[in-house]
>>> print(open('query_12.pdb').read())   # PDB, C-alpha atoms
ATOM      1  CA  MET A   1       0.000   0.000   0.000  1.00  0.00           C
ATOM      2  CA  GLN A   2       1.177   3.521  -0.825  1.00  0.00           C
ATOM      3  CA  SER A   3       1.604   5.554   2.362  1.00  0.00           C
ATOM      4  CA  LEU A   4       0.275   9.062   2.861  1.00  0.00           C
ATOM      5  CA  GLN A   5       2.874  11.736   3.607  1.00  0.00           C
ATOM      6  CA  PHE A   6       1.792  15.079   5.065  1.00  0.00           C
ATOM      7  CA  THR A   7       3.896  17.951   3.707  1.00  0.00           C
ATOM      8  CA  ALA A   8       2.322  21.105   5.207  1.00  0.00           C
ATOM      9  CA  GLU A   9      -0.317  22.080   7.762  1.00  0.00           C
ATOM     10  CA  SER A  10      -2.284  25.184   8.759  1.00  0.00           C
ATOM     11  CA  SER A  11      -5.541  26.039  10.547  1.00  0.00           C
ATOM     12  CA  SER A  12      -8.041  28.884  10.197  1.00  0.00           C
ATOM     13  CA  ASN A  13     -11.765  29.485  10.750  1.00  0.00           C
ATOM     14  CA  GLY A  14     -12.255  26.122  12.416  1.00  0.00           C
ATOM     15  CA  VAL A  15     -10.650  24.135   9.587  1.00  0.00           C
ATOM     16  CA  ARG A  16      -7.372  22.218   9.664  1.00  0.00           C
ATOM     17  CA  GLU A  17      -5.712  22.046   6.227  1.00  0.00           C
ATOM     18  CA  ARG A  18      -3.047  19.427   5.524  1.00  0.00           C
ATOM     19  CA  ASP A  19      -1.232  19.022   2.213  1.00  0.00           C
ATOM     20  CA  PHE A  20      -0.227  15.456   1.414  1.00  0.00           C
ATOM     21  CA  THR A  21       1.154  13.175  -1.254  1.00  0.00           C
ATOM     22  CA  VAL A  22       0.305   9.539  -1.985  1.00  0.00           C
ATOM     23  CA  GLY A  23       2.526   7.802  -4.502  1.00  0.00           C
ATOM     24  CA  GLY A  24       3.632  11.155  -5.867  1.00  0.00           C
ATOM     25  CA  VAL A  25       0.065  12.450  -6.321  1.00  0.00           C
ATOM     26  CA  PRO A  26      -0.485  15.737  -4.430  1.00  0.00           C
ATOM     27  CA  GLY A  27      -3.635  16.334  -2.430  1.00  0.00           C
ATOM     28  CA  VAL A  28      -5.148  18.284   0.416  1.00  0.00           C
ATOM     29  CA  LEU A  29      -7.176  17.105   3.417  1.00  0.00           C
ATOM     30  CA  TRP A  30      -9.465  19.513   5.277  1.00  0.00           C
ATOM     31  CA  SER A  31     -10.671  18.469   8.744  1.00  0.00           C
ATOM     32  CA  PRO A  32     -12.279  20.021  11.828  1.00  0.00           C
ATOM     33  CA  ALA A  33      -9.640  21.989  13.718  1.00  0.00           C
ATOM     34  CA  SER A  34     -10.900  20.824  17.111  1.00  0.00           C
ATOM     35  CA  GLY A  35     -10.085  17.253  18.060  1.00  0.00           C
ATOM     36  CA  ALA A  36      -9.492  14.146  15.981  1.00  0.00           C
ATOM     37  CA  ASP A  37     -12.894  12.493  16.273  1.00  0.00           C
ATOM     38  CA  ARG A  38     -13.723   9.917  13.631  1.00  0.00           C
ATOM     39  CA  ALA A  39     -16.027  11.372  10.976  1.00  0.00           C
ATOM     40  CA  PRO A  40     -17.230  10.649   7.428  1.00  0.00           C
ATOM     41  CA  LEU A  41     -14.984  11.410   4.481  1.00  0.00           C
ATOM     42  CA  VAL A  42     -15.976  13.302   1.335  1.00  0.00           C
ATOM     43  CA  LEU A  43     -13.838  13.039  -1.809  1.00  0.00           C
ATOM     44  CA  MET A  44     -14.092  15.995  -4.184  1.00  0.00           C
ATOM     45  CA  GLY A  45     -13.148  16.161  -7.857  1.00  0.00           C
ATOM     46  CA  HIS A  46     -12.183  19.569  -9.235  1.00  0.00           C
ATOM     47  CA  GLY A  47     -13.160  20.992 -12.614  1.00  0.00           C
ATOM     48  CA  GLY A  48     -11.143  21.104 -15.808  1.00  0.00           C
ATOM     49  CA  GLY A  49      -8.267  23.576 -15.760  1.00  0.00           C
ATOM     50  CA  ARG A  50      -8.574  23.939 -11.978  1.00  0.00           C
ATOM     51  CA  HIS A  51      -6.757  22.375  -9.040  1.00  0.00           C
ATOM     52  CA  LYS A  52      -7.176  20.903  -5.574  1.00  0.00           C
ATOM     53  CA  LYS A  53      -7.201  24.268  -3.754  1.00  0.00           C
ATOM     54  CA  HIS A  54      -9.280  26.226  -6.252  1.00  0.00           C
ATOM     55  CA  PRO A  55     -11.694  28.543  -4.373  1.00  0.00           C
ATOM     56  CA  ALA A  56     -14.610  26.351  -5.451  1.00  0.00           C
ATOM     57  CA  MET A  57     -12.979  23.390  -3.697  1.00  0.00           C
ATOM     58  CA  ALA A  58     -11.884  25.295  -0.606  1.00  0.00           C
ATOM     59  CA  GLY A  59     -15.284  26.959  -0.234  1.00  0.00           C
ATOM     60  CA  ARG A  60     -17.226  23.720  -0.494  1.00  0.00           C
ATOM     61  CA  ALA A  61     -14.810  22.049   1.921  1.00  0.00           C
ATOM     62  CA  GLN A  62     -15.348  24.859   4.435  1.00  0.00           C
ATOM     63  CA  LEU A  63     -19.096  24.159   4.431  1.00  0.00           C
ATOM     64  CA  LEU A  64     -18.654  20.398   4.715  1.00  0.00           C
ATOM     65  CA  VAL A  65     -16.132  20.662   7.550  1.00  0.00           C
ATOM     66  CA  THR A  66     -17.696  23.412   9.654  1.00  0.00           C
ATOM     67  CA  GLY A  67     -21.312  22.546   8.887  1.00  0.00           C
ATOM     68  CA  CYS A  68     -21.132  18.739   9.094  1.00  0.00           C
ATOM     69  CA  GLY A  69     -17.833  17.874  10.787  1.00  0.00           C
ATOM     70  CA  PHE A  70     -16.660  15.927   7.724  1.00  0.00           C
ATOM     71  CA  HIS A  71     -13.142  15.304   6.489  1.00  0.00           C
ATOM     72  CA  VAL A  72     -12.754  16.442   2.863  1.00  0.00           C
ATOM     73  CA  ALA A  73     -10.015  15.404   0.425  1.00  0.00           C
ATOM     74  CA  VAL A  74      -9.079  16.550  -3.087  1.00  0.00           C
ATOM     75  CA  ILE A  75      -6.220  15.399  -5.297  1.00  0.00           C
ATOM     76  CA  ASP A  76      -4.879  17.165  -8.375  1.00  0.00           C
ATOM     77  CA  ALA A  77      -6.093  15.421 -11.518  1.00  0.00           C
ATOM     78  CA  PRO A  78      -3.417  14.346 -14.015  1.00  0.00           C
ATOM     79  CA  GLY A  79      -1.945  17.378 -15.755  1.00  0.00           C
ATOM     80  CA  HIS A  80      -3.565  19.805 -13.287  1.00  0.00           C
ATOM     81  CA  GLY A  81      -2.427  21.816 -10.292  1.00  0.00           C
ATOM     82  CA  ASP A  82       1.017  20.758  -9.122  1.00  0.00           C
ATOM     83  CA  ARG A  83       1.215  17.911 -11.655  1.00  0.00           C
ATOM     84  CA  PRO A  84       3.081  18.446 -14.930  1.00  0.00           C
ATOM     85  CA  ARG A  85       1.312  18.259 -18.265  1.00  0.00           C
ATOM     86  CA  THR A  86       2.324  15.577 -20.736  1.00  0.00           C
ATOM     87  CA  ALA A  87       2.757  16.176 -24.444  1.00  0.00           C
ATOM     88  CA  GLN A  88      -0.656  14.544 -24.964  1.00  0.00           C
ATOM     89  CA  ASP A  89      -2.191  16.956 -22.438  1.00  0.00           C
ATOM     90  CA  GLU A  90      -0.799  19.890 -24.397  1.00  0.00           C
ATOM     91  CA  ARG A  91      -2.136  18.518 -27.697  1.00  0.00           C
ATOM     92  CA  ASP A  92      -5.606  17.972 -26.248  1.00  0.00           C
ATOM     93  CA  ILE A  93      -5.716  21.439 -24.685  1.00  0.00           C
ATOM     94  CA  ASP A  94      -4.506  23.105 -27.892  1.00  0.00           C
ATOM     95  CA  GLU A  95      -7.174  21.249 -29.871  1.00  0.00           C
ATOM     96  CA  LEU A  96      -9.842  22.388 -27.409  1.00  0.00           C
ATOM     97  CA  ARG A  97      -8.735  26.019 -27.564  1.00  0.00           C
ATOM     98  CA  ARG A  98      -8.756  25.973 -31.378  1.00  0.00           C
ATOM     99  CA  ALA A  99     -12.290  24.569 -31.418  1.00  0.00           C
ATOM    100  CA  GLN A 100     -13.492  27.170 -28.919  1.00  0.00           C
ATOM    101  CA  ALA A 101     -11.886  29.997 -30.900  1.00  0.00           C
ATOM    102  CA  ALA A 102     -13.497  28.767 -34.108  1.00  0.00           C
ATOM    103  CA  GLY A 103     -16.915  28.299 -32.515  1.00  0.00           C
ATOM    104  CA  GLU A 104     -16.825  24.563 -33.201  1.00  0.00           C
ATOM    105  CA  PRO A 105     -18.338  21.864 -30.931  1.00  0.00           C
ATOM    106  CA  GLU A 106     -16.025  21.143 -28.029  1.00  0.00           C
ATOM    107  CA  GLY A 107     -17.882  18.131 -26.657  1.00  0.00           C
ATOM    108  CA  PRO A 108     -16.037  15.408 -28.591  1.00  0.00           C
ATOM    109  CA  ILE A 109     -12.670  16.853 -27.547  1.00  0.00           C
ATOM    110  CA  VAL A 110     -13.578  17.269 -23.871  1.00  0.00           C
ATOM    111  CA  VAL A 111     -15.144  13.801 -23.695  1.00  0.00           C
ATOM    112  CA  ARG A 112     -12.049  12.144 -25.160  1.00  0.00           C
ATOM    113  CA  TYR A 113      -9.645  14.180 -23.011  1.00  0.00           C
ATOM    114  CA  ASN A 114     -11.556  13.614 -19.784  1.00  0.00           C
ATOM    115  CA  ALA A 115     -11.960   9.897 -20.479  1.00  0.00           C
ATOM    116  CA  ARG A 116      -8.190   9.584 -20.762  1.00  0.00           C
ATOM    117  CA  LEU A 117      -7.713  11.480 -17.496  1.00  0.00           C
ATOM    118  CA  ALA A 118     -10.295   9.278 -15.772  1.00  0.00           C
ATOM    119  CA  GLU A 119      -8.391   6.115 -16.718  1.00  0.00           C
ATOM    120  CA  LEU A 120      -5.404   7.526 -14.858  1.00  0.00           C
ATOM    121  CA  ALA A 121      -7.240   9.224 -12.006  1.00  0.00           C
ATOM    122  CA  VAL A 122      -9.566   6.428 -10.850  1.00  0.00           C
ATOM    123  CA  PRO A 123      -6.767   4.116  -9.602  1.00  0.00           C
ATOM    124  CA  GLU A 124      -5.033   7.166  -8.086  1.00  0.00           C
ATOM    125  CA  TRP A 125      -8.201   7.999  -6.166  1.00  0.00           C
ATOM    126  CA  GLN A 126      -8.544   4.415  -4.965  1.00  0.00           C
ATOM    127  CA  THR A 127      -4.957   4.400  -3.730  1.00  0.00           C
ATOM    128  CA  THR A 128      -5.553   7.740  -2.011  1.00  0.00           C
ATOM    129  CA  LEU A 129      -8.709   6.435  -0.354  1.00  0.00           C
ATOM    130  CA  ASP A 130      -6.800   3.386   0.911  1.00  0.00           C
ATOM    131  CA  ALA A 131      -4.215   5.707   2.494  1.00  0.00           C
ATOM    132  CA  LEU A 132      -6.777   8.136   3.953  1.00  0.00           C
ATOM    133  CA  GLN A 133      -8.654   5.298   5.630  1.00  0.00           C
ATOM    134  CA  GLU A 134      -5.469   4.361   7.459  1.00  0.00           C
ATOM    135  CA  LEU A 135      -5.764   7.637   9.407  1.00  0.00           C
ATOM    136  CA  PRO A 136      -7.363   7.066  12.833  1.00  0.00           C
ATOM    137  CA  GLU A 137      -9.697  10.064  12.422  1.00  0.00           C
ATOM    138  CA  ILE A 138     -11.164   8.517   9.247  1.00  0.00           C
ATOM    139  CA  GLY A 139     -10.848   4.736   9.561  1.00  0.00           C
ATOM    140  CA  ALA A 140     -11.684   1.922   7.169  1.00  0.00           C
ATOM    141  CA  ASP A 141     -15.323   1.468   8.179  1.00  0.00           C
ATOM    142  CA  GLY A 142     -16.656   5.018   7.963  1.00  0.00           C
ATOM    143  CA  PRO A 143     -18.994   6.336   5.255  1.00  0.00           C
ATOM    144  CA  VAL A 144     -17.504   7.949   2.140  1.00  0.00           C
ATOM    145  CA  GLY A 145     -19.145  10.373  -0.272  1.00  0.00           C
ATOM    146  CA  TYR A 146     -18.095  11.971  -3.554  1.00  0.00           C
ATOM    147  CA  VAL A 147     -18.857  15.316  -5.158  1.00  0.00           C
ATOM    148  CA  GLY A 148     -17.601  16.550  -8.521  1.00  0.00           C
ATOM    149  CA  ILE A 149     -19.105  18.738 -11.249  1.00  0.00           C
ATOM    150  CA  ALA A 150     -17.994  18.891 -14.918  1.00  0.00           C
ATOM    151  CA  MET A 151     -14.587  17.153 -15.127  1.00  0.00           C
ATOM    152  CA  GLY A 152     -15.228  16.062 -11.545  1.00  0.00           C
ATOM    153  CA  THR A 153     -18.171  14.102 -12.952  1.00  0.00           C
ATOM    154  CA  ALA A 154     -16.147  12.692 -15.864  1.00  0.00           C
ATOM    155  CA  ILE A 155     -13.721  11.218 -13.329  1.00  0.00           C
ATOM    156  CA  GLY A 156     -16.256  10.644 -10.568  1.00  0.00           C
ATOM    157  CA  VAL A 157     -18.742   8.469 -12.437  1.00  0.00           C
ATOM    158  CA  PRO A 158     -16.208   5.726 -13.275  1.00  0.00           C
ATOM    159  CA  LEU A 159     -14.733   6.086  -9.777  1.00  0.00           C
ATOM    160  CA  VAL A 160     -18.063   5.612  -8.002  1.00  0.00           C
ATOM    161  CA  ALA A 161     -18.936   2.740 -10.355  1.00  0.00           C
ATOM    162  CA  ALA A 162     -15.681   0.996  -9.420  1.00  0.00           C
ATOM    163  CA  GLU A 163     -15.544   1.853  -5.725  1.00  0.00           C
ATOM    164  CA  PRO A 164     -18.050   0.202  -3.336  1.00  0.00           C
ATOM    165  CA  ARG A 165     -16.805   2.278  -0.404  1.00  0.00           C
ATOM    166  CA  ILE A 166     -18.497   5.389  -1.846  1.00  0.00           C
ATOM    167  CA  THR A 167     -22.126   5.399  -0.710  1.00  0.00           C
ATOM    168  CA  ALA A 168     -23.494   8.712  -2.055  1.00  0.00           C
ATOM    169  CA  ALA A 169     -22.455  11.005  -4.892  1.00  0.00           C
ATOM    170  CA  VAL A 170     -23.099  14.453  -6.363  1.00  0.00           C
ATOM    171  CA  PHE A 171     -22.548  14.921 -10.115  1.00  0.00           C
ATOM    172  CA  GLY A 172     -23.493  17.341 -12.873  1.00  0.00           C
ATOM    173  CA  MET A 173     -22.817  19.183 -16.125  1.00  0.00           C
ATOM    174  CA  MET A 174     -21.041  16.620 -18.299  1.00  0.00           C
ATOM    175  CA  TRP A 175     -21.592  14.956 -21.649  1.00  0.00           C
ATOM    176  CA  PRO A 176     -22.794  11.329 -21.328  1.00  0.00           C
ATOM    177  CA  ASP A 177     -20.869   9.827 -24.243  1.00  0.00           C
ATOM    178  CA  ALA A 178     -18.112   8.047 -22.274  1.00  0.00           C
ATOM    179  CA  LEU A 179     -20.095   7.658 -19.045  1.00  0.00           C
ATOM    180  CA  LEU A 180     -23.393   5.907 -19.819  1.00  0.00           C
ATOM    181  CA  GLU A 181     -22.228   2.341 -19.198  1.00  0.00           C
ATOM    182  CA  LYS A 182     -20.509   3.307 -15.944  1.00  0.00           C
ATOM    183  CA  ALA A 183     -23.574   5.291 -14.822  1.00  0.00           C
ATOM    184  CA  LYS A 184     -25.711   2.174 -15.301  1.00  0.00           C
ATOM    185  CA  GLN A 185     -23.531   0.436 -12.698  1.00  0.00           C
ATOM    186  CA  ILE A 186     -24.144   3.084 -10.015  1.00  0.00           C
ATOM    187  CA  THR A 187     -26.875   2.281  -7.489  1.00  0.00           C
ATOM    188  CA  VAL A 188     -25.999   4.611  -4.591  1.00  0.00           C
ATOM    189  CA  PRO A 189     -28.041   7.799  -4.001  1.00  0.00           C
ATOM    190  CA  VAL A 190     -27.177  10.496  -6.554  1.00  0.00           C
ATOM    191  CA  GLU A 191     -27.866  14.210  -6.757  1.00  0.00           C
ATOM    192  CA  PHE A 192     -27.384  15.556 -10.291  1.00  0.00           C
ATOM    193  CA  ALA A 193     -27.331  19.181 -11.442  1.00  0.00           C
ATOM    194  CA  LEU A 194     -27.631  20.621 -14.926  1.00  0.00           C
ATOM    195  CA  GLN A 195     -28.142  24.022 -16.490  1.00  0.00           C
ATOM    196  CA  TRP A 196     -31.342  24.148 -18.543  1.00  0.00           C
ATOM    197  CA  ASP A 197     -29.890  26.690 -20.988  1.00  0.00           C
ATOM    198  CA  ASP A 198     -26.353  25.262 -21.129  1.00  0.00           C
ATOM    199  CA  GLU A 199     -24.755  26.401 -24.384  1.00  0.00           C
ATOM    200  CA  ARG A 200     -22.006  23.776 -24.147  1.00  0.00           C
ATOM    201  CA  ILE A 201     -23.768  20.595 -23.017  1.00  0.00           C
ATOM    202  CA  PRO A 202     -27.161  20.057 -24.721  1.00  0.00           C
ATOM    203  CA  ARG A 203     -30.066  19.623 -22.339  1.00  0.00           C
ATOM    204  CA  ALA A 204     -30.858  16.197 -23.784  1.00  0.00           C
ATOM    205  CA  ALA A 205     -27.290  15.063 -23.112  1.00  0.00           C
ATOM    206  CA  GLY A 206     -27.469  15.973 -19.433  1.00  0.00           C
ATOM    207  CA  LEU A 207     -30.872  14.307 -19.073  1.00  0.00           C
ATOM    208  CA  ALA A 208     -29.551  11.155 -20.755  1.00  0.00           C
ATOM    209  CA  LEU A 209     -26.740  10.871 -18.215  1.00  0.00           C
ATOM    210  CA  PHE A 210     -29.124  11.395 -15.300  1.00  0.00           C
ATOM    211  CA  ASP A 211     -31.485   8.795 -16.711  1.00  0.00           C
ATOM    212  CA  ALA A 212     -28.666   6.229 -16.969  1.00  0.00           C
ATOM    213  CA  PHE A 213     -27.974   6.046 -13.226  1.00  0.00           C
ATOM    214  CA  ALA A 214     -29.425   2.838 -11.777  1.00  0.00           C
ATOM    215  CA  SER A 215     -29.912   4.418  -8.354  1.00  0.00           C
ATOM    216  CA  LYS A 216     -33.299   3.944  -6.695  1.00  0.00           C
ATOM    217  CA  GLU A 217     -32.794   7.369  -5.145  1.00  0.00           C
ATOM    218  CA  LYS A 218     -31.639  10.014  -7.600  1.00  0.00           C
ATOM    219  CA  THR A 219     -32.586  13.669  -7.703  1.00  0.00           C
ATOM    220  CA  LEU A 220     -32.339  16.034 -10.684  1.00  0.00           C
ATOM    221  CA  HIS A 221     -31.672  19.723 -10.066  1.00  0.00           C
ATOM    222  CA  ALA A 222     -32.303  21.664 -13.286  1.00  0.00           C
ATOM    223  CA  ASN A 223     -31.602  25.379 -13.034  1.00  0.00           C
ATOM    224  CA  ALA A 224     -32.268  28.106 -15.576  1.00  0.00           C
ATOM    225  CA  GLY A 225     -29.107  29.649 -16.985  1.00  0.00           C
ATOM    226  CA  THR A 226     -26.030  28.977 -19.051  1.00  0.00           C
ATOM    227  CA  HIS A 227     -23.042  26.767 -18.247  1.00  0.00           C
ATOM    228  CA  VAL A 228     -21.206  29.482 -16.314  1.00  0.00           C
ATOM    229  CA  GLU A 229     -24.333  30.516 -14.395  1.00  0.00           C
ATOM    230  CA  PHE A 230     -24.334  27.424 -12.185  1.00  0.00           C
ATOM    231  CA  PRO A 231     -25.971  28.705  -8.964  1.00  0.00           C
ATOM    232  CA  MET A 232     -24.008  28.674  -5.748  1.00  0.00           C
ATOM    233  CA  TYR A 233     -27.027  27.506  -3.765  1.00  0.00           C
ATOM    234  CA  GLU A 234     -26.475  24.101  -5.385  1.00  0.00           C
ATOM    235  CA  VAL A 235     -23.386  23.856  -3.182  1.00  0.00           C
ATOM    236  CA  ASP A 236     -25.606  24.188  -0.093  1.00  0.00           C
ATOM    237  CA  SER A 237     -27.924  21.522  -1.501  1.00  0.00           C
ATOM    238  CA  SER A 238     -25.033  19.107  -2.031  1.00  0.00           C
ATOM    239  CA  VAL A 239     -23.928  19.630   1.580  1.00  0.00           C
ATOM    240  CA  ARG A 240     -27.404  18.738   2.836  1.00  0.00           C
ATOM    241  CA  PHE A 241     -27.521  15.712   0.527  1.00  0.00           C
ATOM    242  CA  LEU A 242     -24.180  14.361   1.762  1.00  0.00           C
ATOM    243  CA  ALA A 243     -25.049  15.078   5.387  1.00  0.00           C
ATOM    244  CA  ARG A 244     -28.269  13.104   4.992  1.00  0.00           C
ATOM    245  CA  HIS A 245     -26.642  10.085   3.406  1.00  0.00           C
ATOM    246  CA  LEU A 246     -23.422  10.034   5.414  1.00  0.00           C
ATOM    247  CA  GLY A 247     -25.228  10.316   8.718  1.00  0.00           C
ATOM    248  CA  ARG A 248     -24.575  13.854   9.931  1.00  0.00           C
ATOM    249  CA  ALA A 249     -26.879  16.766  10.714  1.00  0.00           C
ATOM    250  CA  VAL A 250     -26.026  20.115   9.120  1.00  0.00           C
ATOM    251  CA  THR A 251     -25.261  22.804  11.688  1.00  0.00           C
ATOM    252  CA  SER A 252     -24.470  26.462  11.317  1.00  0.00           C
ATOM    253  CA  PRO A 253     -20.776  27.039  10.494  1.00  0.00           C
ATOM    254  CA  ALA A 254     -18.667  28.116  13.478  1.00  0.00           C
TER     255      ALA A 254
END
>>> encode(input="query_12.pdb", output="structure tokens")
Amino acid sequence: MQSLQFTAESSSNGVRERDFTVGGVPGVLWSPASGADRAPLVLMGHGGGRHKKHPAMAGRAQLLVTGCGFHVAVIDAPGHGDRPRTAQDERDIDELRRAQAAGEPEGPIVVRYNARLAELAVPEWQTTLDALQELPEIGADGPVGYVGIAMGTAIGVPLVAAEPRITAAVFGMMWPDALLEKAKQITVPVEFALQWDDERIPRAAGLALFDAFASKEKTLHANAGTHVEFPMYEVDSSVRFLARHLGRAVTSPA
């Protein structure tokens, strides 16, 4: 088993932040600053072009830690954050930028690129989860959730399909092309968000991915607006969803 090595630590606003590496993959673990009580773990997948400490990740972690007492972990996806890009990464990104500049469909490029990243990232996440569950404040028998939108969904769907330790998941805003068969294998509770007027991902595509999940409990959140108008109150909803399914009541942040 790959061991987890902490490389830096700080605390503020009731949250303890610890940078770590597992097998050379960099990550961050946010935990309650007071005590080391065992608590559920939430894995978060960041969006494309972002990184483990992007404000969207840190802000959601703050709510999950201070509002629910959870531990929250994020790792940099391949070619993101503190991880170097490969030549193939650069080719894929250049192709995407050319398509965007020319007003051409970007879906086929993003789907192919994210599918390649998911093949690499899923075993990295499983190794990271193994190492995190060795920590006494997390443990091997505690509940685990996942939340990831956009590229976080492209990586998260195959991860949740492959990983029985994850018992609830939040997804959204991703093309279904490479994910339908994996989605059909997912039976845990799912909350799924899409933008009704998304100019990048057709409405029918988002609905097709939601429909594919085999979960008996799955909830669709469809909000008016474009891709970049994803409402921040969906973050609050995901916190309540994870608290409900991981066995914690939501409290007011300290």
>>> resolve_selection(input="query_12.pdb", expression="the PyMOL selection byres ((chain A and resi 187) around 8)", output="list in words")
Lys184, Gln185, Ile186, Val188, Pro189, Phe213, Ala214, Ser215 and Lys216 of chain A
>>> atom_distance(input="query_12.pdb", atom1="atom CA of A:Ala161", atom2="atom CA of A:Ala208")
17.1 Å
>>> closest_atom_pairs(input="query_12.pdb", of="stretch 32-135 of chain A", to="stretch 236-241 of chain A", cutoff="9 Å", atoms="all atoms listed in the file", output="CSV")
residue,atom,partner,partner_atom,distance
A:Arg60,CA,A:Val239,CA,8.1
A:Leu63,CA,A:Val239,CA,7.2
A:Leu64,CA,A:Val239,CA,6.2
A:Gly67,CA,A:Val239,CA,8.3
A:Cys68,CA,A:Val239,CA,8.1
>>> write_last_selection(input="query_12.pdb", atoms="C-alpha atoms", output="mmCIF file, keeping the file's coordinate frame")
data_model
loop_
_atom_site.group_PDB
_atom_site.id
_atom_site.type_symbol
_atom_site.label_atom_id
_atom_site.label_comp_id
_atom_site.auth_asym_id
_atom_site.auth_seq_id
_atom_site.Cartn_x
_atom_site.Cartn_y
_atom_site.Cartn_z
ATOM 1 C CA ARG A 60 -17.226 23.720 -0.494
ATOM 2 C CA LEU A 63 -19.096 24.159 4.431
ATOM 3 C CA LEU A 64 -18.654 20.398 4.715
ATOM 4 C CA GLY A 67 -21.312 22.546 8.887
ATOM 5 C CA CYS A 68 -21.132 18.739 9.094
#
>>> resolve_selection(input="query_12.pdb", expression="the PyMOL selection byres ((chain A and resi 123-129) around 12)", output="PyMOL selection string")
chain A and resi 1-5+20-29+41-45+72-78+117-122+130-135+138-146+152+155-156+158-166
>>> resolve_selection(input="query_12.pdb", expression="the PyMOL selection byres ((chain A and resi 110) around 10)", output="list of chain:residue names")
A:Gly48, A:Asp92, A:Ile93, A:Glu95, A:Leu96, A:Pro105, A:Glu106, A:Gly107, A:Pro108, A:Ile109, A:Val111, A:Arg112, A:Tyr113, A:Asn114, A:Ala115, A:Arg116, A:Met151, A:Ala154, A:Met174, A:Trp175
>>> closest_residue(input="query_12.pdb", among="A:Asp37, A:Asp177, A:Glu17, A:Asp211", to="A:Ala58", atoms="only C-alpha atoms")
A:Glu17
>>> atom_distance(input="query_12.pdb", atom1="atom CA of A:Glu229", atom2="atom CA of A:Leu179")
23.7 Å
